[in-house]
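Note: the block below is upload-v8.pdb and it holds PDB, C-alpha atoms and all ligand atoms.
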```pdb
MODEL        1
ATOM      1  CA  MET A   1     -64.440 -17.003 -41.479
ATOM      2  CA  ARG A   2     -67.730 -17.446 -39.738
ATOM      3  CA  THR A   3     -67.354 -19.193 -36.442
ATOM      4  CA  ASN A   4     -69.622 -19.769 -33.514
ATOM      5  CA  GLY A   5     -69.241 -16.689 -31.359
ATOM      6  CA  ALA A   6     -71.886 -17.697 -28.840
ATOM      7  CA  ARG A   7     -69.463 -18.913 -26.200
ATOM      8  CA  THR A   8     -67.196 -15.895 -26.406
ATOM      9  CA  ALA A   9     -70.031 -13.407 -26.619
ATOM     10  CA  PHE A  10     -71.881 -14.787 -23.657
ATOM     11  CA  ALA A  11     -68.726 -14.999 -21.542
ATOM     12  CA  LEU A  12     -68.080 -11.383 -22.500
ATOM     13  CA  ALA A  13     -71.655 -10.519 -21.564
ATOM     14  CA  LEU A  14     -71.218 -12.156 -18.177
ATOM     15  CA  LEU A  15     -67.943 -10.328 -17.605
ATOM     16  CA  LEU A  16     -69.511  -7.070 -18.711
ATOM     17  CA  GLY A  17     -72.534  -7.851 -16.581
ATOM     18  CA  LEU A  18     -70.328  -8.146 -13.531
ATOM     19  CA  GLY A  19     -68.571  -4.948 -14.519
ATOM     20  CA  THR A  20     -71.865  -3.254 -15.254
ATOM     21  CA  ALA A  21     -73.187  -4.261 -11.845
ATOM     22  CA  ALA A  22     -70.302  -2.398 -10.257
ATOM     23  CA  ILE A  23     -70.815   0.581 -12.582
ATOM     24  CA  ALA A  24     -74.584   0.486 -12.036
ATOM     25  CA  SER A  25     -74.234   0.965  -8.297
ATOM     26  CA  ASP A  26     -72.143   4.068  -9.023
ATOM     27  CA  ALA A  27     -74.636   5.177 -11.684
ATOM     28  CA  GLN A  28     -77.536   4.734  -9.302
ATOM     29  CA  ALA A  29     -75.704   6.770  -6.703
ATOM     30  CA  SER A  30     -75.394   9.605  -9.245
ATOM     31  CA  GLY A  31     -78.933   9.047 -10.607
ATOM     32  CA  ALA A  32     -77.742   8.135 -14.144
ATOM     33  CA  THR A  33     -78.976   5.083 -16.072
ATOM     34  CA  PRO A  34     -76.658   4.044 -18.924
ATOM     35  CA  THR A  35     -78.689   3.085 -22.004
ATOM     36  CA  SER A  36     -77.199   0.962 -24.785
ATOM     37  CA  THR A  37     -78.146   1.952 -28.337
ATOM     38  CA  ILE A  38     -78.493  -0.954 -30.770
ATOM     39  CA  ASP A  39     -78.387   0.168 -34.401
ATOM     40  CA  LEU A  40     -80.588  -1.757 -36.826
ATOM     41  CA  LEU A  41     -80.379  -2.291 -40.551
ATOM     42  CA  VAL A  42     -83.858  -3.252 -41.807
ATOM     43  CA  VAL A  43     -84.101  -4.737 -45.300
ATOM     44  CA  TYR A  44     -87.204  -5.835 -47.201
ATOM     45  CA  PRO A  45     -87.700  -7.435 -50.639
ATOM     46  CA  ARG A  46     -90.210  -5.089 -52.302
ATOM     47  CA  PRO A  47     -90.513  -1.370 -52.947
ATOM     48  CA  ALA A  48     -91.262   0.412 -49.663
ATOM     49  CA  SER A  49     -94.812   1.458 -50.549
ATOM     50  CA  GLU A  50     -95.696  -2.089 -51.602
ATOM     51  CA  GLN A  51     -94.121  -3.594 -48.480
ATOM     52  CA  LEU A  52     -96.008  -1.225 -46.178
ATOM     53  CA  ALA A  53     -99.396  -1.402 -47.977
ATOM     54  CA  GLY A  54    -100.649  -4.511 -46.148
ATOM     55  CA  LEU A  55    -100.009  -3.067 -42.701
ATOM     56  CA  ILE A  56    -101.713   0.189 -43.667
ATOM     57  CA  LEU A  57    -104.694  -1.845 -44.876
ATOM     58  CA  TRP A  58    -104.789  -3.694 -41.522
ATOM     59  CA  ASN A  59    -104.569  -0.357 -39.712
ATOM     60  CA  ARG A  60    -101.351  -1.510 -38.044
ATOM     61  CA  SER A  61     -98.808   0.990 -39.330
ATOM     62  CA  TRP A  62     -99.003   3.221 -36.249
ATOM     63  CA  GLY A  63    -100.752   5.834 -38.365
ATOM     64  CA  GLU A  64     -97.735   6.170 -40.660
ATOM     65  CA  THR A  65     -97.795   5.918 -44.448
ATOM     66  CA  GLU A  66     -94.046   6.123 -45.156
ATOM     67  CA  MET A  67     -91.528   3.378 -44.402
ATOM     68  CA  GLY A  68     -89.057   5.456 -42.381
ATOM     69  CA  PRO A  69     -91.561   6.900 -39.895
ATOM     70  CA  PHE A  70     -93.328   3.514 -39.649
ATOM     71  CA  LEU A  71     -90.127   1.673 -38.743
ATOM     72  CA  ASP A  72     -89.175   4.374 -36.241
ATOM     73  CA  ALA A  73     -92.595   4.102 -34.582
ATOM     74  CA  ASN A  74     -92.556   0.311 -34.633
ATOM     75  CA  PHE A  75     -89.085  -0.090 -33.145
ATOM     76  CA  GLY A  76     -89.952   2.664 -30.687
ATOM     77  CA  ARG A  77     -92.564   0.202 -29.419
ATOM     78  CA  VAL A  78     -89.924  -2.542 -29.291
ATOM     79  CA  THR A  79     -87.701  -0.221 -27.246
ATOM     80  CA  GLN A  80     -90.665   0.433 -24.954
ATOM     81  CA  ILE A  81     -91.107  -3.309 -24.345
ATOM     82  CA  TYR A  82     -87.474  -3.558 -23.228
ATOM     83  CA  GLN A  83     -87.455  -0.380 -21.165
ATOM     84  CA  GLN A  84     -90.739  -1.142 -19.386
ATOM     85  CA  SER A  85     -89.084  -4.416 -18.411
ATOM     86  CA  GLY A  86     -86.146  -2.582 -16.865
ATOM     87  CA  VAL A  87     -83.696  -3.264 -19.726
ATOM     88  CA  PRO A  88     -81.802  -0.021 -20.508
ATOM     89  CA  VAL A  89     -81.586  -0.343 -24.294
ATOM     90  CA  GLU A  90     -82.783   1.621 -27.304
ATOM     91  CA  PHE A  91     -83.319   0.120 -30.763
ATOM     92  CA  ARG A  92     -82.557   2.704 -33.434
ATOM     93  CA  VAL A  93     -83.241   2.166 -37.136
ATOM     94  CA  ALA A  94     -79.897   3.266 -38.566
ATOM     95  CA  HIS A  95     -80.995   2.499 -42.121
ATOM     96  CA  SER A  96     -83.716   0.712 -44.054
ATOM     97  CA  GLU A  97     -83.654  -0.329 -47.665
ATOM     98  CA  SER A  98     -85.493  -2.368 -50.281
ATOM     99  CA  ILE A  99     -83.066  -5.027 -51.518
ATOM    100  CA  ASP A 100     -82.938  -7.143 -54.663
ATOM    101  CA  LEU A 101     -80.664 -10.187 -54.527
ATOM    102  CA  SER A 102     -82.181 -11.839 -57.604
ATOM    103  CA  SER A 103     -78.701 -12.032 -59.133
ATOM    104  CA  LEU A 104     -77.924 -14.694 -56.507
ATOM    105  CA  GLY A 105     -80.780 -16.997 -57.455
ATOM    106  CA  PRO A 106     -84.451 -17.138 -58.432
ATOM    107  CA  ASN A 107     -85.558 -18.199 -54.946
ATOM    108  CA  TRP A 108     -83.520 -15.494 -53.182
ATOM    109  CA  LYS A 109     -86.322 -14.167 -51.000
ATOM    110  CA  ALA A 110     -86.608 -17.524 -49.229
ATOM    111  CA  THR A 111     -82.936 -18.476 -49.378
ATOM    112  CA  LEU A 112     -81.942 -15.272 -47.579
ATOM    113  CA  SER A 113     -83.949 -16.311 -44.489
ATOM    114  CA  PHE A 114     -82.295 -19.729 -44.417
ATOM    115  CA  ALA A 115     -78.849 -18.153 -44.850
ATOM    116  CA  LEU A 116     -79.432 -15.788 -41.921
ATOM    117  CA  MET A 117     -80.636 -18.663 -39.734
ATOM    118  CA  ASN A 118     -77.646 -20.749 -40.761
ATOM    119  CA  SER A 119     -75.067 -17.977 -40.342
ATOM    120  CA  GLU A 120     -73.053 -20.062 -37.882
ATOM    121  CA  SER A 121     -72.215 -22.622 -40.576
ATOM    122  CA  PRO A 122     -73.592 -21.520 -43.943
ATOM    123  CA  THR A 123     -73.570 -23.773 -46.982
ATOM    124  CA  ALA A 124     -71.451 -22.668 -49.943
ATOM    125  CA  SER A 125     -74.565 -21.405 -51.728
ATOM    126  CA  GLN A 126     -75.599 -19.347 -48.686
ATOM    127  CA  VAL A 127     -72.263 -17.525 -48.264
ATOM    128  CA  PRO A 128     -72.928 -14.970 -51.060
ATOM    129  CA  TYR A 129     -76.170 -13.987 -49.343
ATOM    130  CA  LEU A 130     -74.375 -13.318 -46.071
ATOM    131  CA  ASP A 131     -71.629 -11.425 -47.916
ATOM    132  CA  ALA A 132     -74.233  -9.218 -49.631
ATOM    133  CA  ILE A 133     -75.956  -8.482 -46.342
ATOM    134  CA  GLU A 134     -72.637  -7.824 -44.614
ATOM    135  CA  SER A 135     -71.606  -5.297 -47.289
ATOM    136  CA  LEU A 136     -74.769  -3.335 -46.643
ATOM    137  CA  ARG A 137     -74.396  -3.724 -42.890
ATOM    138  CA  ASP A 138     -70.843  -2.376 -42.998
ATOM    139  CA  LEU A 139     -72.024   0.740 -44.818
ATOM    140  CA  HIS A 140     -74.386   1.592 -41.992
ATOM    141  CA  ALA A 141     -72.471   0.176 -39.014
ATOM    142  CA  ALA A 142     -75.531  -1.814 -37.950
ATOM    143  CA  ASP A 143     -75.313  -3.973 -34.859
ATOM    144  CA  ILE A 144     -78.242  -6.169 -35.960
ATOM    145  CA  VAL A 145     -79.717  -6.881 -39.392
ATOM    146  CA  ILE A 146     -83.473  -7.470 -39.688
ATOM    147  CA  TYR A 147     -84.928  -8.975 -42.835
ATOM    148  CA  TRP A 148     -88.618  -8.124 -43.006
ATOM    149  CA  ARG A 149     -90.137 -10.601 -45.415
ATOM    150  CA  GLN A 150     -93.068 -10.442 -47.782
ATOM    151  CA  PRO A 151     -96.042 -12.834 -47.365
ATOM    152  CA  SER A 152     -95.891 -16.307 -48.957
ATOM    153  CA  ASP A 153     -92.216 -16.198 -49.949
ATOM    154  CA  ASN A 154     -91.679 -19.982 -49.545
ATOM    155  CA  GLY A 155     -89.270 -19.305 -46.701
ATOM    156  CA  PRO A 156     -89.484 -20.626 -43.115
ATOM    157  CA  THR A 157     -93.025 -20.568 -41.711
ATOM    158  CA  SER A 158     -91.961 -18.910 -38.457
ATOM    159  CA  ASN A 159     -89.773 -15.977 -37.507
ATOM    160  CA  GLY A 160     -86.174 -16.640 -36.550
ATOM    161  CA  ALA A 161     -82.962 -15.393 -35.004
ATOM    162  CA  GLY A 162     -79.459 -16.326 -36.122
ATOM    163  CA  SER A 163     -78.415 -17.302 -32.611
ATOM    164  CA  VAL A 164     -79.198 -17.230 -28.928
ATOM    165  CA  GLY A 165     -76.653 -14.921 -27.376
ATOM    166  CA  GLY A 166     -74.215 -15.435 -30.242
ATOM    167  CA  GLY A 167     -71.553 -13.247 -31.785
ATOM    168  CA  GLU A 168     -71.800 -10.372 -34.218
ATOM    169  CA  ASP A 169     -71.503 -12.776 -37.169
ATOM    170  CA  GLU A 170     -74.857 -14.291 -36.174
ATOM    171  CA  ALA A 171     -76.711 -11.069 -35.329
ATOM    172  CA  TYR A 172     -79.486 -11.582 -37.866
ATOM    173  CA  VAL A 173     -83.250 -11.803 -37.555
ATOM    174  CA  HIS A 174     -85.819 -12.658 -40.187
ATOM    175  CA  LEU A 175     -89.423 -11.693 -39.589
ATOM    176  CA  THR A 176     -92.475 -12.914 -41.471
ATOM    177  CA  TYR A 177     -94.651 -10.131 -42.829
ATOM    178  CA  SER A 178     -96.853  -9.950 -39.705
ATOM    179  CA  GLY A 179     -93.786 -10.714 -37.571
ATOM    180  CA  ILE A 180     -92.762  -7.065 -37.706
ATOM    181  CA  ASN A 181     -95.221  -6.794 -34.771
ATOM    182  CA  PRO A 182     -93.350  -5.371 -31.718
ATOM    183  CA  PRO A 183     -93.626  -8.424 -29.404
ATOM    184  CA  VAL A 184     -92.320 -10.694 -32.181
ATOM    185  CA  ALA A 185     -89.463  -8.309 -33.008
ATOM    186  CA  ALA A 186     -88.715  -8.079 -29.272
ATOM    187  CA  HIS A 187     -88.755 -11.896 -28.996
ATOM    188  CA  GLU A 188     -86.339 -12.454 -31.881
ATOM    189  CA  THR A 189     -83.948  -9.646 -30.928
ATOM    190  CA  GLY A 190     -84.308 -11.032 -27.394
ATOM    191  CA  HIS A 191     -82.798 -14.315 -28.644
ATOM    192  CA  LEU A 192     -79.801 -12.387 -30.012
ATOM    193  CA  LEU A 193     -79.437 -10.848 -26.558
ATOM    194  CA  GLY A 194     -79.353 -14.312 -24.952
ATOM    195  CA  GLY A 195     -83.052 -14.621 -24.066
ATOM    196  CA  GLN A 196     -84.505 -18.126 -24.046
ATOM    197  CA  HIS A 197     -88.057 -19.457 -24.162
ATOM    198  CA  GLN A 198     -87.917 -21.050 -20.725
ATOM    199  CA  GLU A 199     -87.060 -17.682 -19.169
ATOM    200  CA  GLY A 200     -90.497 -16.395 -20.131
ATOM    201  CA  VAL A 201     -93.529 -16.314 -17.852
ATOM    202  CA  GLN A 202     -96.713 -18.296 -18.451
ATOM    203  CA  GLY A 203     -99.477 -17.742 -15.900
ATOM    204  CA  SER A 204    -103.215 -17.550 -15.424
ATOM    205  CA  ALA A 205    -105.178 -14.591 -14.110
ATOM    206  CA  THR A 206    -108.561 -12.988 -14.471
ATOM    207  CA  PHE A 207    -108.321 -10.116 -16.930
ATOM    208  CA  SER A 208    -110.326  -8.371 -19.620
ATOM    209  CA  ILE A 209    -109.265  -7.725 -23.216
ATOM    210  CA  ASP A 210    -110.256  -4.365 -24.704
ATOM    211  CA  GLY A 211    -112.997  -3.893 -22.133
ATOM    212  CA  ASP A 212    -114.739  -7.260 -22.438
ATOM    213  CA  THR A 213    -115.810  -9.262 -19.370
ATOM    214  CA  ALA A 214    -112.826 -10.235 -17.233
ATOM    215  CA  THR A 215    -112.313 -14.001 -17.457
ATOM    216  CA  LEU A 216    -109.700 -16.468 -16.217
ATOM    217  CA  ARG A 217    -107.158 -16.450 -19.058
ATOM    218  CA  GLU A 218    -103.540 -17.224 -19.798
ATOM    219  CA  TYR A 219    -100.948 -14.495 -20.019
ATOM    220  CA  ARG A 220     -97.360 -14.716 -21.245
ATOM    221  CA  SER A 221     -94.278 -12.572 -21.430
ATOM    222  CA  VAL A 222     -92.478 -11.929 -24.715
ATOM    223  CA  MET A 223     -89.935 -14.811 -24.654
ATOM    224  CA  THR A 224     -92.489 -17.521 -23.794
ATOM    225  CA  ALA A 225     -93.025 -20.212 -26.445
ATOM    226  CA  THR A 226     -94.812 -23.304 -25.178
ATOM    227  CA  SER A 227     -98.147 -25.099 -25.372
ATOM    228  CA  THR A 228    -101.130 -23.256 -23.972
ATOM    229  CA  LEU A 229    -102.768 -23.844 -20.599
ATOM    230  CA  GLY A 230    -106.030 -24.366 -22.497
ATOM    231  CA  LEU A 231    -107.988 -21.549 -20.857
ATOM    232  CA  ASP A 232    -110.414 -19.184 -22.573
ATOM    233  CA  ALA A 233    -107.687 -17.360 -24.490
ATOM    234  CA  PHE A 234    -104.089 -16.296 -24.083
ATOM    235  CA  ARG A 235    -102.374 -13.010 -24.666
ATOM    236  CA  TYR A 236     -98.785 -11.851 -24.769
ATOM    237  CA  LEU A 237     -98.093  -8.938 -22.482
ATOM    238  CA  TRP A 238     -95.725  -6.498 -24.158
ATOM    239  CA  ARG A 239     -93.202  -7.131 -21.419
ATOM    240  CA  PHE A 240     -90.235  -9.383 -20.667
ATOM    241  CA  SER A 241     -90.174 -11.451 -17.493
ATOM    242  CA  GLN A 242     -88.321  -9.801 -14.636
ATOM    243  CA  ALA A 243     -87.696 -11.323 -11.217
ATOM    244  CA  GLY A 244     -89.800  -9.838  -8.442
ATOM    245  CA  THR A 245     -92.121  -7.851 -10.718
ATOM    246  CA  SER A 246     -95.863  -8.068 -11.206
ATOM    247  CA  ILE A 247     -98.497  -6.409 -13.341
ATOM    248  CA  THR A 248    -101.822  -4.841 -12.481
ATOM    249  CA  GLY A 249    -104.264  -2.476 -14.188
ATOM    250  CA  SER A 250    -103.969  -1.637 -17.904
ATOM    251  CA  ASN A 251    -101.198  -3.280 -19.910
ATOM    252  CA  ASP A 252    -100.335  -3.464 -23.618
ATOM    253  CA  CYS A 253    -100.986  -6.993 -24.909
ATOM    254  CA  SER A 254    -101.801  -8.898 -28.079
ATOM    255  CA  GLU A 255    -101.713 -12.237 -29.759
ATOM    256  CA  PHE A 256     -98.087 -12.898 -30.691
ATOM    257  CA  SER A 257     -98.366 -11.283 -34.116
ATOM    258  CA  GLY A 258    -101.735  -9.637 -33.540
ATOM    259  CA  ALA A 259    -102.895  -6.052 -33.145
ATOM    260  CA  LEU A 260    -102.308  -4.124 -29.940
ATOM    261  CA  SER A 261    -104.981  -4.542 -27.266
ATOM    262  CA  ILE A 262    -105.302  -3.479 -23.650
ATOM    263  CA  CYS A 263    -105.387  -6.235 -21.039
ATOM    264  CA  GLU A 264    -106.872  -4.974 -17.780
ATOM    265  CA  PHE A 265    -105.817  -6.866 -14.652
ATOM    266  CA  PRO A 266    -108.056  -6.104 -11.639
ATOM    267  CA  SER A 267    -105.497  -7.638  -9.290
ATOM    268  CA  SER A 268    -101.768  -8.203  -9.305
ATOM    269  CA  ALA A 269    -100.234 -11.066 -11.326
ATOM    270  CA  PRO A 270     -96.559 -12.106 -11.127
ATOM    271  CA  LEU A 271     -94.296 -11.330 -14.089
ATOM    272  CA  GLY A 272     -91.162 -13.182 -13.050
ATOM    273  CA  ASP A 273     -89.091 -14.902 -10.419
ATOM    274  CA  ALA A 274     -85.514 -16.121 -10.066
ATOM    275  CA  ASP A 275     -86.100 -18.839 -12.704
ATOM    276  CA  HIS A 276     -88.056 -16.585 -15.083
ATOM    277  CA  ASP A 277     -86.017 -13.447 -15.499
ATOM    278  CA  ALA A 278     -85.245 -12.676 -19.140
ATOM    279  CA  ALA A 279     -84.659  -9.007 -18.282
ATOM    280  CA  THR A 280     -81.433  -9.717 -16.380
ATOM    281  CA  THR A 281     -80.041 -11.781 -19.273
ATOM    282  CA  LEU A 282     -80.970  -9.099 -21.823
ATOM    283  CA  ALA A 283     -79.541  -6.264 -19.743
ATOM    284  CA  ALA A 284     -76.197  -8.088 -19.428
ATOM    285  CA  MET A 285     -75.953  -8.687 -23.174
ATOM    286  CA  ALA A 286     -77.279  -5.312 -24.419
ATOM    287  CA  PRO A 287     -73.932  -3.430 -24.187
ATOM    288  CA  VAL A 288     -72.190  -6.295 -26.032
ATOM    289  CA  VAL A 289     -74.653  -6.234 -28.947
ATOM    290  CA  ALA A 290     -74.629  -2.421 -29.021
ATOM    291  CA  ALA A 291     -70.858  -2.622 -29.539
ATOM    292  CA  PHE A 292     -70.987  -5.169 -32.380
ATOM    293  CA  ARG A 293     -70.274  -2.501 -34.974
ATOM    294  CA  THR A 294     -68.411   0.085 -32.943
ATOM    295  CA  ALA A 295     -65.124  -0.110 -31.086
ATOM    296  CA  ALA A 296     -65.399  -3.013 -28.673
ATOM    297  CA  PRO A 297     -65.338  -1.920 -25.048
ATOM    298  CA  ALA A 298     -62.137  -2.802 -23.239
ATOM    299  CA  VAL A 299     -62.680  -5.644 -20.821
ATOM    300  CA  GLN A 300     -60.369  -5.580 -17.841
ATOM    301  CA  VAL A 301     -59.574  -9.186 -17.009
ATOM    302  CA  PRO A 302     -58.718  -9.409 -13.328
ATOM    303  CA  ALA A 303     -55.163 -10.387 -12.362
ATOM    304  CA  ALA A 304     -54.770 -14.155 -12.465
ATOM    305  CA  SER A 305     -55.261 -14.804  -8.791
ATOM    306  CA  PRO A 306     -56.519 -18.316  -7.972
ATOM    307  CA  LEU A 307     -59.956 -16.840  -7.308
ATOM    308  CA  GLY A 308     -59.859 -14.954 -10.621
ATOM    309  CA  VAL A 309     -58.930 -18.104 -12.535
ATOM    310  CA  ALA A 310     -61.704 -20.061 -10.824
ATOM    311  CA  LEU A 311     -64.210 -17.309 -11.638
ATOM    312  CA  LEU A 312     -63.192 -17.226 -15.299
ATOM    313  CA  ALA A 313     -63.390 -21.024 -15.510
ATOM    314  CA  LEU A 314     -66.895 -20.847 -14.070
ATOM    315  CA  LEU A 315     -67.927 -18.106 -16.505
ATOM    316  CA  PHE A 316     -66.682 -20.038 -19.514
ATOM    317  CA  ALA A 317     -68.335 -23.240 -18.290
ATOM    318  CA  LEU A 318     -71.622 -21.335 -17.976
ATOM    319  CA  ALA A 319     -71.112 -19.815 -21.404
ATOM    320  CA  GLY A 320     -70.528 -23.283 -22.825
ATOM    321  CA  LEU A 321     -73.811 -24.461 -21.346
ATOM    322  CA  ARG A 322     -75.581 -21.435 -22.777
ATOM    323  CA  ALA A 323     -74.070 -22.075 -26.202
ATOM    324  CA  LEU A 324     -75.209 -25.685 -26.023
ATOM    325  CA  ALA A 325     -78.700 -24.595 -24.999
ATOM    326  CA  ALA A 326     -78.621 -22.047 -27.804
ATOM    327  CA  ARG A 327     -78.117 -24.764 -30.382
ATOM    328  CA  ARG A 328     -81.030 -26.725 -28.986
ATOM    329  CA  ALA A 329     -83.377 -23.812 -28.467
ATOM    330  CA  ARG A 330     -82.927 -22.062 -31.776
ATOM    331  CA  ALA A 331     -86.354 -21.074 -33.042
TER     332      ALA A 331
HETATM  333 ZN    ZN B   1     -88.086 -18.046 -30.042
ENDMDL
END
```
Could you write out this file's structure as C-alpha cells?
Ligand SMILES: [Zn+2]
Amino acid sequence: MRTNGARTAFALALLLGLGTAAIASDAQASGATPTSTIDLLVVYPRPASEQLAGLILWNRSWGETEMGPFLDANFGRVTQIYQQSGVPVEFRVAHSESIDLSSLGPNWKATLSFALMNSESPTASQVPYLDAIESLRDLHAADIVIYWRQPSDNGPTSNGAGSVGGGEDEAYVHLTYSGINPPVAAHETGHLLGGQHQEGVQGSATFSIDGDTATLREYRSVMTATSTLGLDAFRYLWRFSQAGTSITGSNDCSEFSGALSICEFPSSAPLGDADHDAATTLAAMAPVVAAFRTAAPAVQVPAASPLGVALLALLFALAGLRALAARRARA
C-alpha cells in the first residue's frame, strides 16, 4: 500500500537531526565528518548512446561519451553542490538502465512521469508503472529513482519530485532532458530531502559572468523558484542556502538548466540566514534518505517523561506542517 510517508519521514528526520547534532559534536571533537551515501537508480527511455547524443552535441557531457562515466561525472557535480553547501552527502549512481515500458501503454514515456509525481496516491492505471520501477529499484537497492526523460515526450513541461521530505515510497524524481543539469538534479533531490523553494536565497549583487563586465544582477541558490527581480540577468549559484554563509570571488553558476559558467563576485554577497537555510534541512534528512533501501537506523525514543512527550508532540506537529506545506509546494 502506498501511503503518505511525509509526516513520519520528516519526524524521523527531526529526531535523527537531534541525534545527529549530539553525534556531530562528538564527531567534530574527533575530526570525523559522517557522510551519508544516497544510492541512485537512473532510468532513461532510449538506448544509452541515443540518450546521451544531445548532451555530447551541446558539449555538456563533462567530456564523457559513455553513459556510465557521464552519469558518474554529472552526479559527482550534484554531490559537490551539496558538499560545498556543508551537507555531508554523496550521490552514487548504483545502476543506470535504458527501460522500455511500452507493454504498459503507448504513451508510457509520459505516463511514467505522472505516475512518479503521483506516487502518494496513484490512479489504478499508474500503479503498474510504479510496480515496474519498484522491481528494478529493489534489484539495485536504490534509495532514489531518477527518470531522465527524452525531449518532447508529451510529459510534464517541468522537472518534478515525488514529494517534499516524503517517505521511501515517494522517492522519485523525473528530469526533462536538459534537467539532468546538476543544479536541477540538486533542486529536485533537494525536495526529496525536505528542501522547499522559500528556503532558497534570492539577492542582487554586482558580478561578472564568464569574464564579462560586472553588472548589478540577480543571484539565486539552488532551491529558489520565484519571479525575477527584473535586473540585467539572473544566475543560479551551484550552492544551497546556508545560514551565516556568503560568497565571494569565483563561483560555479548557470541558468537553471544551462551550461556551467563562472560568476565572479568582487565583494561578498550573503548566501543564507536563519529563514533561508536549506542546508540544515537537507543535512537532517540525508541519513534518512540514505537508509531508504538499507536497514533503517534504530531510533532511540527517549523515555516518556513529560518533557519527552511534549518534545515528540512538537516534532509531530512540525512534521504535520511540513507535510501540509509539501502538498502545496510540490513542483
Ligand atoms: Zn521545485
* To do: With the file shown as input, list the residues that the PyMOL selection byres (((not hetatm)) within 12 of (chain B and resi 1)) selects, as a ChimeraX atom specification.
  => /A:158-164,173-175,179,183-200,221-226,256,326,328-331
Output C-alpha atoms of each residue in that selection to a file, as a PDB file, in the coordinates of the input.
```pdb
ATOM      1  CA  SER A 158     -91.961 -18.910 -38.457  1.00  0.00           C
ATOM      2  CA  ASN A 159     -89.773 -15.977 -37.507  1.00  0.00           C
ATOM      3  CA  GLY A 160     -86.174 -16.640 -36.550  1.00  0.00           C
ATOM      4  CA  ALA A 161     -82.962 -15.393 -35.004  1.00  0.00           C
ATOM      5  CA  GLY A 162     -79.459 -16.326 -36.122  1.00  0.00           C
ATOM      6  CA  SER A 163     -78.415 -17.302 -32.611  1.00  0.00           C
ATOM      7  CA  VAL A 164     -79.198 -17.230 -28.928  1.00  0.00           C
ATOM      8  CA  VAL A 173     -83.250 -11.803 -37.555  1.00  0.00           C
ATOM      9  CA  HIS A 174     -85.819 -12.658 -40.187  1.00  0.00           C
ATOM     10  CA  LEU A 175     -89.423 -11.693 -39.589  1.00  0.00           C
ATOM     11  CA  GLY A 179     -93.786 -10.714 -37.571  1.00  0.00           C
ATOM     12  CA  PRO A 183     -93.626  -8.424 -29.404  1.00  0.00           C
ATOM     13  CA  VAL A 184     -92.320 -10.694 -32.181  1.00  0.00           C
ATOM     14  CA  ALA A 185     -89.463  -8.309 -33.008  1.00  0.00           C
ATOM     15  CA  ALA A 186     -88.715  -8.079 -29.272  1.00  0.00           C
ATOM     16  CA  HIS A 187     -88.755 -11.896 -28.996  1.00  0.00           C
ATOM     17  CA  GLU A 188     -86.339 -12.454 -31.881  1.00  0.00           C
ATOM     18  CA  THR A 189     -83.948  -9.646 -30.928  1.00  0.00           C
ATOM     19  CA  GLY A 190     -84.308 -11.032 -27.394  1.00  0.00           C
ATOM     20  CA  HIS A 191     -82.798 -14.315 -28.644  1.00  0.00           C
ATOM     21  CA  LEU A 192     -79.801 -12.387 -30.012  1.00  0.00           C
ATOM     22  CA  LEU A 193     -79.437 -10.848 -26.558  1.00  0.00           C
ATOM     23  CA  GLY A 194     -79.353 -14.312 -24.952  1.00  0.00           C
ATOM     24  CA  GLY A 195     -83.052 -14.621 -24.066  1.00  0.00           C
ATOM     25  CA  GLN A 196     -84.505 -18.126 -24.046  1.00  0.00           C
ATOM     26  CA  HIS A 197     -88.057 -19.457 -24.162  1.00  0.00           C
ATOM     27  CA  GLN A 198     -87.917 -21.050 -20.725  1.00  0.00           C
ATOM     28  CA  GLU A 199     -87.060 -17.682 -19.169  1.00  0.00           C
ATOM     29  CA  GLY A 200     -90.497 -16.395 -20.131  1.00  0.00           C
ATOM     30  CA  SER A 221     -94.278 -12.572 -21.430  1.00  0.00           C
ATOM     31  CA  VAL A 222     -92.478 -11.929 -24.715  1.00  0.00           C
ATOM     32  CA  MET A 223     -89.935 -14.811 -24.654  1.00  0.00           C
ATOM     33  CA  THR A 224     -92.489 -17.521 -23.794  1.00  0.00           C
ATOM     34  CA  ALA A 225     -93.025 -20.212 -26.445  1.00  0.00           C
ATOM     35  CA  THR A 226     -94.812 -23.304 -25.178  1.00  0.00           C
ATOM     36  CA  PHE A 256     -98.087 -12.898 -30.691  1.00  0.00           C
ATOM     37  CA  ALA A 326     -78.621 -22.047 -27.804  1.00  0.00           C
ATOM     38  CA  ARG A 328     -81.030 -26.725 -28.986  1.00  0.00           C
ATOM     39  CA  ALA A 329     -83.377 -23.812 -28.467  1.00  0.00           C
ATOM     40  CA  ARG A 330     -82.927 -22.062 -31.776  1.00  0.00           C
ATOM     41  CA  ALA A 331     -86.354 -21.074 -33.042  1.00  0.00           C
TER      42      ALA A 331
END
```
* Which residues come within 8 Å of range 45-57 of chain A, counting all atoms listed in the file, excluding same-chain residues fewer than 3 positions away, as a VMD selection string? -> chain A and resid 60 to 61 63 to 67 97 to 100 109 148 to 150
* Asked: the PyMOL selection byres (((chain A and resi 238) around 12) and not hetatm) on the file shown: which residues, as a PyMOL selection string?
  -> chain A and resi 77-85+181-187+200-201+219-224+235-237+239-241+247+250-263+271
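Look at Gly76 in chain A: the protein and nucleic acid residues within 10 Å of it, using all atoms listed in the file and passing over chain neighbours fewer than 4 places away, are Phe70, Leu71, Asp72, Gln80, Ile81, Glu90, Phe91, Arg92, Val93 and Pro182 of chain A.
What separates CA of Tyr44 in chain A from CA of Val289 in chain A is a distance of 22.2 Å.
In terms of minimum interatomic distance to Leu116 in chain A, A:Ala171 ranks closest within A:Ala171, A:Leu101, A:Ala73, A:Ala284, counting only C-alpha atoms.
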* To do: Using the chain letters and residue numbers of this document, give as JSON, numbers by chain the residues selected by the PyMOL selection byres (((chain A and resi 114) around 12) and not hetatm).
  => {"A": [107, 108, 109, 110, 111, 112, 113, 115, 116, 117, 118, 119, 120, 121, 122, 123, 125, 126, 127, 129, 130, 147, 153, 154, 155, 156, 157, 158, 159, 160, 161, 162, 172, 173, 174, 175]}
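Excluding range 213-218 of chain A itself and same-chain residues fewer than 2 positions from it, the residues having an atom within 7 Å of it are Gly203, Ser204, Ala205, Thr206, Phe207, Ser208, Gly211, Arg220, Leu229, Leu231, Asp232, Ala233, Phe234 and Arg235 of chain A, counting only C-alpha atoms.
Coordinates place CA of Gln242 in chain A at a distance of 9.7 Å from CA of Thr281 in chain A.
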